[in-house]
>>> print(open('run_26.txt').read())   # compact mmCIF, C-alpha atoms
# COMPACT_ATOMS: atom_id res chain seq x y z
CA MET A 1385 42.27 11.23 -9.40
CA ILE A 1386 41.82 7.50 -8.80
CA ASN A 1387 38.36 8.08 -7.27
CA PHE A 1388 37.44 10.25 -10.26
CA LEU A 1389 38.46 7.50 -12.69
CA LYS A 1390 36.59 4.86 -10.69
CA LYS A 1391 33.44 6.97 -10.61
CA ASN A 1392 33.60 7.61 -14.36
CA TYR A 1393 34.33 3.94 -15.12
CA SER A 1394 31.36 2.87 -12.99
CA ALA A 1395 29.14 5.44 -14.71
CA LEU A 1396 30.23 4.29 -18.16
CA MET A 1397 29.58 0.63 -17.29
CA THR A 1398 26.12 1.56 -16.02
CA LEU A 1399 25.40 3.45 -19.23
CA LYS A 1400 26.65 0.51 -21.30
CA ASN A 1401 24.24 -1.78 -19.46
CA SER A 1402 21.45 0.75 -19.96
CA TYR A 1403 22.09 0.86 -23.71
CA LEU A 1404 21.81 -2.93 -23.82
CA ASN A 1405 18.58 -2.72 -21.81
CA SER A 1406 17.18 -0.16 -24.24
CA TYR A 1407 16.91 -2.76 -27.04
CA VAL A 1408 14.76 -4.95 -24.79
CA ILE A 1409 12.74 -2.11 -23.27
CA ASN A 1410 11.78 -0.52 -26.58
CA LYS A 1411 10.83 -3.90 -28.02
CA TYR A 1412 8.22 -4.36 -25.30
CA ASP A 1413 7.17 -0.73 -25.00
CA LYS A 1414 6.18 -0.46 -28.64
CA LYS A 1415 3.37 -2.94 -28.03
CA GLU A 1416 0.02 -1.22 -27.98
CA ILE A 1417 -2.07 -1.63 -24.83
CA ASN A 1418 -5.71 -0.97 -25.58
CA VAL A 1419 -7.66 -1.62 -22.41
CA ASN A 1420 -10.84 0.28 -21.66
CA ASN A 1421 -11.38 1.33 -18.07
CA LEU A 1422 -14.73 3.00 -17.52
CA LEU A 1423 -13.97 3.57 -13.84
CA PHE A 1424 -10.77 5.53 -14.57
CA GLU A 1425 -11.39 6.69 -18.13
CA SER A 1426 -10.30 10.31 -17.60
CA GLU A 1427 -7.39 9.37 -15.33
CA LEU A 1428 -6.09 6.84 -17.85
CA SER A 1429 -6.28 9.49 -20.55
CA LEU A 1430 -4.23 11.87 -18.37
CA LEU A 1431 -1.62 9.17 -17.76
CA LYS A 1432 -1.26 8.49 -21.47
CA ASP A 1433 -1.14 12.17 -22.45
CA HIS A 1434 0.73 13.80 -19.58
CA GLY A 1435 2.46 10.86 -17.87
CA HIS A 1436 0.99 11.51 -14.43
CA VAL A 1437 -2.27 11.69 -12.49
CA GLU A 1438 -3.01 12.54 -8.86
CA PHE A 1439 -5.81 11.51 -6.53
CA LYS A 1440 -5.92 14.30 -3.97
CA ASN A 1441 -6.54 13.56 -0.27
CA ILE A 1442 -8.04 10.18 -1.17
CA LEU A 1443 -6.34 7.75 1.25
CA PRO A 1444 -8.77 6.83 4.06
CA GLU A 1445 -7.46 7.77 7.49
CA ASN A 1446 -7.47 4.17 8.75
CA PHE A 1447 -5.05 3.17 5.99
CA ASN A 1448 -2.90 6.20 6.72
CA LYS A 1449 -2.60 4.95 10.32
CA ILE A 1450 -1.70 1.45 9.10
CA LEU A 1451 1.07 2.76 6.83
CA ASN A 1452 2.34 5.04 9.57
CA GLN A 1453 2.62 2.02 11.88
CA VAL A 1454 4.52 0.14 9.17
CA PHE A 1455 6.86 3.11 8.75
CA LEU A 1456 7.55 3.33 12.50
CA LYS A 1457 8.26 -0.41 12.68
CA LYS A 1458 10.64 -0.10 9.69
CA LYS A 1459 9.33 -3.44 8.44
CA ILE A 1460 7.21 -3.45 5.29
CA PHE A 1461 6.04 -7.03 5.07
CA THR A 1462 4.13 -7.57 8.30
CA PRO A 1463 0.51 -8.74 8.58
CA ILE A 1464 -0.96 -5.25 9.10
CA ILE A 1465 0.04 -4.11 5.61
CA LEU A 1466 -2.21 -6.74 4.02
CA GLU A 1467 -5.19 -4.46 4.66
CA PHE A 1468 -3.58 -1.72 2.60
CA PHE A 1469 -2.71 -4.12 -0.23
CA SER A 1470 -6.33 -5.29 -0.28
CA PHE A 1471 -7.50 -1.66 -0.50
CA PHE A 1472 -5.07 -0.77 -3.29
CA TYR A 1473 -5.85 -3.95 -5.24
CA LYS A 1474 -9.60 -3.33 -5.16
CA GLU A 1475 -9.56 0.42 -5.71
CA TYR A 1476 -6.58 1.26 -7.96
CA PHE A 1477 -4.84 -1.75 -9.47
CA SER A 1478 -7.20 -1.75 -12.46
CA LEU A 1479 -5.69 1.61 -13.44
CA VAL A 1480 -2.18 0.11 -13.27
CA LYS A 1481 -3.22 -2.82 -15.50
CA SER A 1482 -4.98 -0.54 -17.96
CA TYR A 1483 -1.76 1.41 -18.41
CA LEU A 1484 0.83 -1.39 -18.31
CA GLY A 1485 -1.12 -4.50 -19.32
CA ASP A 1486 -2.61 -7.46 -17.50
CA ASP A 1487 0.82 -8.80 -16.47
CA ALA A 1488 1.71 -5.65 -14.51
CA CYS A 1489 3.44 -6.54 -11.27
CA LEU A 1490 5.13 -4.88 -8.35
CA ILE A 1491 8.92 -4.84 -8.64
CA SER A 1492 9.84 -2.30 -5.99
CA ILE A 1493 8.36 -1.11 -2.70
CA ASP A 1494 9.79 1.18 -0.08
CA LEU A 1495 8.74 3.40 2.81
CA SER A 1496 10.83 6.53 2.69
CA GLN A 1497 11.28 9.78 4.55
CA GLN A 1498 12.60 12.58 2.36
CA LYS A 1499 14.09 15.74 3.84
CA LYS A 1500 15.94 18.77 2.55
CA ASP A 1501 18.97 17.40 0.68
CA GLN A 1502 20.84 19.46 -1.90
CA LYS A 1503 23.00 16.47 -2.87
CA SER A 1504 20.31 13.82 -3.28
CA PHE A 1505 20.93 11.42 -6.17
CA SER A 1506 17.28 11.51 -7.20
CA GLY A 1507 17.22 15.31 -6.96
CA ASN A 1508 18.72 15.43 -10.46
CA TRP A 1509 16.81 14.89 -13.71
CA HIS A 1510 16.49 11.22 -14.61
CA THR A 1511 14.24 8.45 -15.80
CA ASP A 1512 13.91 5.18 -13.89
CA ASN A 1513 15.51 3.03 -16.61
CA TRP A 1514 12.54 0.68 -16.95
CA GLY A 1515 10.92 2.30 -19.96
CA ARG A 1516 7.16 2.33 -19.53
CA SER A 1517 6.47 1.81 -15.83
CA LEU A 1518 4.28 3.27 -13.12
CA ASN A 1519 5.46 4.79 -9.87
CA VAL A 1520 2.80 5.07 -7.19
CA PHE A 1521 3.49 7.37 -4.25
CA VAL A 1522 1.12 7.07 -1.31
CA SER A 1523 1.73 10.11 0.87
CA ILE A 1524 1.50 9.36 4.59
CA ASN A 1525 2.63 12.73 5.91
CA SER A 1526 3.67 15.78 3.90
CA ASP A 1527 2.95 19.47 3.46
CA GLY A 1528 3.60 19.32 -0.28
CA LEU A 1529 6.92 21.21 -0.12
CA ILE A 1530 8.98 18.22 -1.33
CA PRO A 1531 7.29 17.45 -4.64
CA THR A 1532 8.30 15.45 -7.67
CA VAL A 1533 9.02 17.71 -10.65
CA TYR A 1534 7.79 16.02 -13.83
CA VAL A 1535 8.20 17.05 -17.47
CA LYS A 1536 4.70 16.65 -18.85
CA GLY A 1537 4.49 14.33 -21.86
CA SER A 1538 8.15 13.24 -21.70
CA GLN A 1539 7.10 9.63 -21.02
CA LYS A 1540 6.15 9.28 -24.70
CA LYS A 1541 9.78 9.30 -25.82
CA LYS A 1542 11.58 6.03 -26.50
CA TYR A 1543 13.71 4.90 -23.60
CA PHE A 1544 17.39 5.69 -24.03
CA ALA A 1545 20.09 6.23 -21.42
CA ASP A 1546 21.22 9.80 -21.99
CA TYR A 1547 23.48 12.60 -20.83
CA ASN A 1548 21.19 13.43 -17.92
CA GLU A 1549 21.82 10.00 -16.48
CA TYR A 1550 25.59 10.26 -16.97
CA LEU A 1551 25.71 13.59 -15.10
CA ARG A 1552 23.74 12.05 -12.25
CA LEU A 1553 26.00 9.01 -12.04
CA ILE A 1554 29.20 11.06 -11.71
CA GLY A 1555 27.64 13.29 -9.05
CA ARG A 1556 27.06 16.46 -11.07
CA ASN A 1557 24.04 18.57 -10.20
CA ASN A 1558 21.54 18.68 -13.03
CA ASN A 1559 18.37 20.22 -11.71
CA VAL A 1560 17.79 23.38 -13.74
CA GLU A 1561 14.17 24.16 -14.54
CA LYS A 1562 12.76 22.61 -17.71
CA LYS A 1563 9.89 23.63 -19.95
CA LYS A 1564 6.56 21.84 -19.42
CA SER A 1565 7.62 20.77 -15.92
CA VAL A 1566 4.85 20.42 -13.34
CA LEU A 1567 4.85 19.71 -9.60
CA ILE A 1568 3.38 16.51 -8.20
CA LYS A 1569 3.06 17.74 -4.63
CA HIS A 1570 2.38 14.54 -2.65
CA ASN A 1571 0.28 16.22 0.03
CA LYS A 1572 -0.85 14.05 2.93
CA ASN A 1573 -3.19 11.23 1.81
CA ASP A 1574 -2.57 11.89 -1.90
CA ILE A 1575 -2.02 8.88 -4.15
CA SER A 1576 0.05 9.91 -7.16
CA PHE A 1577 0.79 7.89 -10.29
CA PHE A 1578 3.53 8.79 -12.78
CA ASP A 1579 5.31 6.99 -15.58
CA GLY A 1580 8.97 6.46 -14.63
CA ASN A 1581 9.96 6.78 -18.29
CA GLY A 1582 9.17 10.49 -18.05
CA LEU A 1583 11.92 12.91 -17.06
CA HIS A 1584 11.57 13.76 -13.38
CA ARG A 1585 13.40 14.65 -10.21
CA GLY A 1586 12.73 15.12 -6.51
CA MET A 1587 12.69 18.75 -5.35
CA TYR A 1588 14.54 18.58 -2.04
CA GLU A 1589 15.59 22.23 -1.76
CA LYS A 1590 13.08 23.36 0.89
CA ASP A 1591 13.30 22.70 4.62
CA SER A 1592 10.47 20.20 4.97
CA PHE A 1593 9.82 16.44 4.93
CA ARG A 1594 7.76 13.78 3.16
CA ILE A 1595 6.89 10.28 4.35
CA ALA A 1596 5.48 8.03 1.64
CA LEU A 1597 5.02 4.47 0.51
CA ASN A 1598 6.62 4.21 -2.94
CA MET A 1599 5.76 1.38 -5.32
CA THR A 1600 6.92 0.67 -8.88
CA PHE A 1601 5.01 -1.52 -11.34
CA VAL A 1602 6.37 -2.99 -14.59
CA SER A 1603 5.20 -5.60 -17.10
CA PHE A 1604 6.29 -9.06 -15.91
CA GLU A 1605 7.17 -10.06 -19.47
CA LYS A 1606 9.61 -7.15 -19.62
CA ILE A 1607 11.07 -8.05 -16.22
CA CYS A 1608 11.83 -11.56 -17.47
CA ALA A 1609 13.72 -10.15 -20.47
CA LEU A 1610 15.67 -7.68 -18.32
CA GLY A 1611 17.39 -10.24 -16.13
CA LEU A 1612 14.92 -12.46 -14.34
CA LYS A 1613 15.07 -15.15 -17.04
CA LYS A 1614 17.29 -13.68 -19.74
CA VAL A 1615 20.24 -11.27 -19.61
CA PRO A 1616 20.20 -8.47 -22.23
CA SER A 1617 23.05 -8.74 -24.73
CA PHE A 1618 24.11 -7.49 -28.15
CA PHE A 1619 26.71 -9.45 -30.15
CA CYS A 1620 29.67 -9.87 -27.76
CA PHE A 1621 28.38 -7.35 -25.23
CA LYS A 1622 26.46 -8.57 -22.22
CA ASN A 1623 24.74 -6.75 -19.40
CA THR A 1624 27.00 -7.24 -16.38
CA LYS A 1625 24.45 -5.96 -13.87
CA PRO A 1626 20.88 -6.80 -14.96
CA LYS A 1627 18.03 -4.59 -13.75
CA ILE A 1628 16.51 -7.44 -11.79
CA ARG A 1629 18.35 -10.40 -10.38
CA LYS A 1630 18.02 -12.78 -7.48
CA GLN A 1631 19.46 -11.09 -4.44
CA ILE A 1632 18.47 -10.93 -0.80
CA ASP A 1633 17.64 -7.60 0.81
CA ASN A 1634 16.92 -7.81 4.54
CA ARG A 1635 14.43 -4.93 4.24
CA MET A 1636 12.28 -7.22 2.09
CA LEU A 1637 12.07 -10.06 4.64
CA LEU A 1638 8.57 -11.37 5.32
CA PHE A 1639 8.05 -10.89 9.09
CA ASP A 1640 5.72 -12.12 11.84
CA GLY A 1641 4.28 -15.14 10.09
CA ILE A 1642 3.33 -13.43 6.82
CA LYS A 1643 3.90 -15.75 3.83
CA SER A 1644 4.40 -15.18 0.13
CA SER A 1645 1.12 -17.03 -0.44
CA ASP A 1646 -0.63 -14.28 1.58
CA LEU A 1647 0.78 -11.66 -0.77
CA GLN A 1648 0.08 -13.62 -3.94
CA LYS A 1649 -3.65 -13.24 -3.30
CA TYR A 1650 -3.08 -9.86 -4.94
CA SER A 1651 -2.11 -10.44 -8.56
CA PHE A 1652 0.50 -7.67 -8.58
CA PHE A 1653 2.71 -9.99 -6.51
CA ASN A 1654 4.24 -12.57 -8.86
CA LYS A 1655 5.36 -15.84 -7.25
CA GLU A 1656 8.65 -15.75 -9.18
CA LEU A 1657 9.69 -12.58 -7.37
CA PHE A 1658 10.09 -14.28 -3.99
CA ILE A 1659 13.22 -15.96 -2.66
CA SER A 1660 13.46 -18.61 0.07
CA ASN A 1661 16.61 -18.72 2.18
CA ASN A 1662 17.18 -20.56 5.48
CA ASN A 1663 13.45 -21.12 5.96
CA GLU A 1664 12.75 -17.43 5.46
CA GLU A 1665 11.07 -15.67 2.53
CA TYR A 1666 12.07 -12.43 0.86
CA PHE A 1667 10.50 -10.26 -1.79
CA MET A 1668 13.05 -9.89 -4.58
CA VAL A 1669 13.87 -6.34 -5.66
>>> encode(input="run_26.txt", output="structure tokens")
Amino acid sequence: MINFLKKNYSALMTLKNSYLNSYVINKYDKKEINVNNLLFESELSLLKDHGHVEFKNILPENFNKILNQVFLKKKIFTPIILEFFSFFYKEYFSLVKSYLGDDACLISIDLSQQKKDQKSFSGNWHTDNWGRSLNVFVSINSDGLIPTVYVKGSQKKKYFADYNEYLRLIGRNNNVEKKKSVLIKHNKNDISFFDGNGLHRGMYEKDSFRIALNMTFVSFEKICALGLKKVPSFFCFKNTKPKIRKQIDNRMLLFDGIKSSDLQKYSFFNKELFISNNNEEYFMV
């Protein structure tokens, strides 16, 4: 009973913070972004209309090998990953900026291995609680049997923490099929983009696996208003756990001589999202 009450209290506090965030998120998301991109004109149109776009089997094999090495080392920020960042910056970052604005920046990066998991937190319907944002999944190894299920067009709705999120937070399964849902399969060497404000979930029911580099991009101006420089509040209510705050995560340590200045050559790395501690540097997530 005590654990049940604790879980519900934690869920309610998270929802309260999300409601406070929604005032900030919708303020920034209502701004029109009108950027022409002749290189990705059709892909940008798909992102705006459907919320997702996939580049099938597009990752060059040499970059697949680099990311596989990074995955095996279990260290993201080592010198070998700079080659991939250079590739992504030159080839695809213009699409990110066209969708999110010129101040789009990376706020999350992870190398993950997904397997069959009936109880996975992200296997339930949810949004990513950033409002307009872009998730980029770079598939290193996968047979497409652990896809992301995405409700086409749902990214157009205003951000609001809802009942789906509450069910997820208290551990209730909420993965029934929804209308207009499509599968983003993440086959090997696919690069998939989808707006995290759209309703989605991971489909982890089949006995398979997926190894991918996952990145999330958000407007830096919005990040600042969601905790980096200002904490969301409304009258006497204040967000007690801002979306982004200065904290050290050992997975985000910069290893083997790589420096934040090396990463800042790519404009999606903002200098204010690095932390120095005991002569070491960390990317802040």
>>> residues_near_point(input="run_26.txt", point="(11.3, -10.5, -4.4)", cutoff="6 Å", atoms="only C-alpha atoms", output="VMD selection string")
chain A and resid 1657 to 1658 1666 to 1669
>>> atom_distance(input="run_26.txt", atom1="CA of Phe1469 (chain A)", atom2="CA of Asp1433 (chain A)")
27.6 Å
>>> residues_around(input="run_26.txt", residues="Ile1628 (chain A)", least_positions_apart="2", cutoff="6 Å", atoms="all atoms listed in the file", output="CSV table (one decimal) with C-alpha atoms, in the coordinates of the input")
chain,number,residue,atom,x,y,z
A,1611,GLY,CA,17.4,-10.2,-16.1
A,1612,LEU,CA,14.9,-12.5,-14.3
A,1626,PRO,CA,20.9,-6.8,-15.0
>>> closest_residue(input="run_26.txt", among="A:Phe1639, A:Phe1461, A:Tyr1534, A:Phe1424", to="Gly1586 (chain A)", atoms="only C-alpha atoms")
A:Tyr1534
>>> closest_atom_pairs(input="run_26.txt", of="region 1575-1653 of chain A", to="region 1438-1447 of chain A", cutoff="8 Å", atoms="only C-alpha atoms", output="CSV")
residue,atom,partner,partner_atom,distance
A:Ile1575,CA,A:Phe1439,CA,5.2
A:Ser1576,CA,A:Glu1438,CA,4.4
A:Phe1577,CA,A:Glu1438,CA,6.2
>>> closest_residue(input="run_26.txt", among="A:Ala1545, A:Leu1479, A:Leu1466, A:Ile1642", to="Leu1399 (chain A)", atoms="all atoms listed in the file")
A:Ala1545
>>> atom_distance(input="run_26.txt", atom1="CA of Ile1409 (chain A)", atom2="CA of Lys1569 (chain A)")
28.9 Å
>>> closest_residue(input="run_26.txt", among="A:Lys1459, A:Lys1481, A:Lys1414, A:Lys1400", to="Phe1601 (chain A)", atoms="all atoms listed in the file")
A:Lys1481
>>> closest_atom_pairs(input="run_26.txt", of="region 1607-1627 of chain A", to="region 1509-1519 of chain A", cutoff="10 Å", atoms="only C-alpha atoms", output="CSV")
residue,atom,partner,partner_atom,distance
A:Ile1607,CA,A:Trp1514,CA,8.9
A:Leu1610,CA,A:Trp1514,CA,9.0
A:Lys1627,CA,A:Trp1514,CA,8.3
>>> closest_residue(input="run_26.txt", among="A:Asp1633, A:Glu1605, A:Asp1501, A:Asp1487", to="Phe1653 (chain A)", atoms="all atoms listed in the file")
A:Asp1487
>>> closest_residue(input="run_26.txt", among="A:Leu1638, A:Leu1529, A:Val1560, A:Val1419", to="Gln1498 (chain A)", atoms="all atoms listed in the file")
A:Leu1529
>>> atom_distance(input="run_26.txt", atom1="CA of Ser1644 (chain A)", atom2="CA of Leu1490 (chain A)")
13.4 Å
>>> closest_residue(input="run_26.txt", among="A:Ser1523, A:Ser1504, A:Gln1453, A:Asn1581", to="Lys1536 (chain A)", atoms="only C-alpha atoms")
A:Asn1581
>>> axis_aligned_box(input="run_26.txt", around="region 1615-1631 of chain A", padding_each_side="6 Å", output="JSON")
{"center_x": 23.1, "center_y": -8.7, "center_z": -17.3, "size_x": 25.2, "size_y": 20.2, "size_z": 37.7}
>>> residues_near_point(input="run_26.txt", point="(22.8, -10.5, -25.7)", cutoff="12 Å", atoms="all atoms listed in the file", output="PyMOL selection string")
chain A and resi 1401+1403-1408+1609-1611+1614-1624+1626
>>> residues_around(input="run_26.txt", residues="Phe1455 (chain A)", least_positions_apart="2", cutoff="9 Å", atoms="only C-alpha atoms", output="ChimeraX atom specification")
/A:1450-1453,1457-1460,1495-1496,1595-1597
>>> residues_around(input="run_26.txt", residues="Lys1432 (chain A)", least_positions_apart="2", cutoff="9 Å", atoms="all atoms listed in the file", output="ChimeraX atom specification")
/A:1427-1430,1434-1436,1483,1537,1539-1540,1579
>>> residues_around(input="run_26.txt", residues="Ser1592 (chain A)", least_positions_apart="4", cutoff="8 Å", atoms="all atoms listed in the file", output="count of residues only")
5
>>> residues_around(input="run_26.txt", residues="Asn1662 (chain A)", least_positions_apart="3", cutoff="12 Å", atoms="all atoms listed in the file", output="ChimeraX atom specification")
/A:1632,1637,1659,1665-1666
>>> build_atoms(input="run_26.txt", residues="region 1449-1473 of chain A", atoms="N, CA and C atoms", output="PDB file, in the coordinates of the input")
ATOM      1  N   LYS A1449      -3.108   5.412   9.018  1.00  0.00           N
ATOM      2  CA  LYS A1449      -2.600   4.950  10.320  1.00  0.00           C
ATOM      3  C   LYS A1449      -1.852   3.633  10.183  1.00  0.00           C
ATOM      4  N   ILE A1450      -2.370   2.741   9.325  1.00  0.00           N
ATOM      5  CA  ILE A1450      -1.700   1.450   9.100  1.00  0.00           C
ATOM      6  C   ILE A1450      -0.311   1.681   8.506  1.00  0.00           C
ATOM      7  N   LEU A1451      -0.229   2.515   7.473  1.00  0.00           N
ATOM      8  CA  LEU A1451       1.070   2.760   6.830  1.00  0.00           C
ATOM      9  C   LEU A1451       2.018   3.496   7.762  1.00  0.00           C
ATOM     10  N   ASN A1452       1.489   4.353   8.604  1.00  0.00           N
ATOM     11  CA  ASN A1452       2.340   5.040   9.570  1.00  0.00           C
ATOM     12  C   ASN A1452       2.922   4.052  10.572  1.00  0.00           C
ATOM     13  N   GLN A1453       2.124   3.071  10.985  1.00  0.00           N
ATOM     14  CA  GLN A1453       2.620   2.020  11.880  1.00  0.00           C
ATOM     15  C   GLN A1453       3.731   1.215  11.202  1.00  0.00           C
ATOM     16  N   VAL A1454       3.511   0.879   9.933  1.00  0.00           N
ATOM     17  CA  VAL A1454       4.520   0.140   9.170  1.00  0.00           C
ATOM     18  C   VAL A1454       5.816   0.944   9.083  1.00  0.00           C
ATOM     19  N   PHE A1455       5.681   2.245   8.835  1.00  0.00           N
ATOM     20  CA  PHE A1455       6.860   3.110   8.750  1.00  0.00           C
ATOM     21  C   PHE A1455       7.615   3.137  10.083  1.00  0.00           C
ATOM     22  N   LEU A1456       6.912   3.264  11.188  1.00  0.00           N
ATOM     23  CA  LEU A1456       7.550   3.330  12.500  1.00  0.00           C
ATOM     24  C   LEU A1456       8.243   2.020  12.862  1.00  0.00           C
ATOM     25  N   LYS A1457       7.649   0.899  12.423  1.00  0.00           N
ATOM     26  CA  LYS A1457       8.260  -0.410  12.680  1.00  0.00           C
ATOM     27  C   LYS A1457       9.475  -0.676  11.799  1.00  0.00           C
ATOM     28  N   LYS A1458       9.556   0.069  10.670  1.00  0.00           N
ATOM     29  CA  LYS A1458      10.640  -0.100   9.690  1.00  0.00           C
ATOM     30  C   LYS A1458      10.668  -1.514   9.109  1.00  0.00           C
ATOM     31  N   LYS A1459       9.497  -2.125   9.049  1.00  0.00           N
ATOM     32  CA  LYS A1459       9.330  -3.440   8.440  1.00  0.00           C
ATOM     33  C   LYS A1459       8.120  -3.363   7.524  1.00  0.00           C
ATOM     34  N   ILE A1460       8.321  -3.584   6.241  1.00  0.00           N
ATOM     35  CA  ILE A1460       7.210  -3.450   5.290  1.00  0.00           C
ATOM     36  C   ILE A1460       6.290  -4.651   5.341  1.00  0.00           C
ATOM     37  N   PHE A1461       6.868  -5.834   5.233  1.00  0.00           N
ATOM     38  CA  PHE A1461       6.040  -7.030   5.070  1.00  0.00           C
ATOM     39  C   PHE A1461       5.678  -7.662   6.408  1.00  0.00           C
ATOM     40  N   THR A1462       4.727  -7.029   7.079  1.00  0.00           N
ATOM     41  CA  THR A1462       4.130  -7.570   8.300  1.00  0.00           C
ATOM     42  C   THR A1462       2.622  -7.690   8.061  1.00  0.00           C
ATOM     43  N   PRO A1463       1.924  -8.483   8.863  1.00  0.00           N
ATOM     44  CA  PRO A1463       0.510  -8.740   8.580  1.00  0.00           C
ATOM     45  C   PRO A1463      -0.372  -7.494   8.448  1.00  0.00           C
ATOM     46  N   ILE A1464      -0.050  -6.402   9.152  1.00  0.00           N
ATOM     47  CA  ILE A1464      -0.960  -5.250   9.100  1.00  0.00           C
ATOM     48  C   ILE A1464      -0.996  -4.581   7.720  1.00  0.00           C
ATOM     49  N   ILE A1465       0.044  -4.773   6.913  1.00  0.00           N
ATOM     50  CA  ILE A1465       0.040  -4.110   5.610  1.00  0.00           C
ATOM     51  C   ILE A1465      -0.879  -4.808   4.607  1.00  0.00           C
ATOM     52  N   LEU A1466      -1.316  -6.022   4.929  1.00  0.00           N
ATOM     53  CA  LEU A1466      -2.210  -6.740   4.020  1.00  0.00           C
ATOM     54  C   LEU A1466      -3.514  -5.969   3.790  1.00  0.00           C
ATOM     55  N   GLU A1467      -3.963  -5.245   4.813  1.00  0.00           N
ATOM     56  CA  GLU A1467      -5.190  -4.460   4.660  1.00  0.00           C
ATOM     57  C   GLU A1467      -5.016  -3.365   3.610  1.00  0.00           C
ATOM     58  N   PHE A1468      -3.823  -2.744   3.616  1.00  0.00           N
ATOM     59  CA  PHE A1468      -3.580  -1.720   2.600  1.00  0.00           C
ATOM     60  C   PHE A1468      -3.497  -2.337   1.212  1.00  0.00           C
ATOM     61  N   PHE A1469      -2.804  -3.469   1.081  1.00  0.00           N
ATOM     62  CA  PHE A1469      -2.710  -4.120  -0.230  1.00  0.00           C
ATOM     63  C   PHE A1469      -4.091  -4.484  -0.764  1.00  0.00           C
ATOM     64  N   SER A1470      -4.971  -4.944   0.127  1.00  0.00           N
ATOM     65  CA  SER A1470      -6.330  -5.290  -0.280  1.00  0.00           C
ATOM     66  C   SER A1470      -7.057  -4.044  -0.791  1.00  0.00           C
ATOM     67  N   PHE A1471      -6.905  -2.936  -0.085  1.00  0.00           N
ATOM     68  CA  PHE A1471      -7.500  -1.660  -0.500  1.00  0.00           C
ATOM     69  C   PHE A1471      -6.975  -1.220  -1.861  1.00  0.00           C
ATOM     70  N   PHE A1472      -5.653  -1.240  -2.026  1.00  0.00           N
ATOM     71  CA  PHE A1472      -5.070  -0.770  -3.290  1.00  0.00           C
ATOM     72  C   PHE A1472      -5.474  -1.688  -4.446  1.00  0.00           C
ATOM     73  N   TYR A1473      -5.491  -2.984  -4.193  1.00  0.00           N
ATOM     74  CA  TYR A1473      -5.850  -3.950  -5.240  1.00  0.00           C
ATOM     75  C   TYR A1473      -7.283  -3.720  -5.727  1.00  0.00           C
TER      76      TYR A1473
END
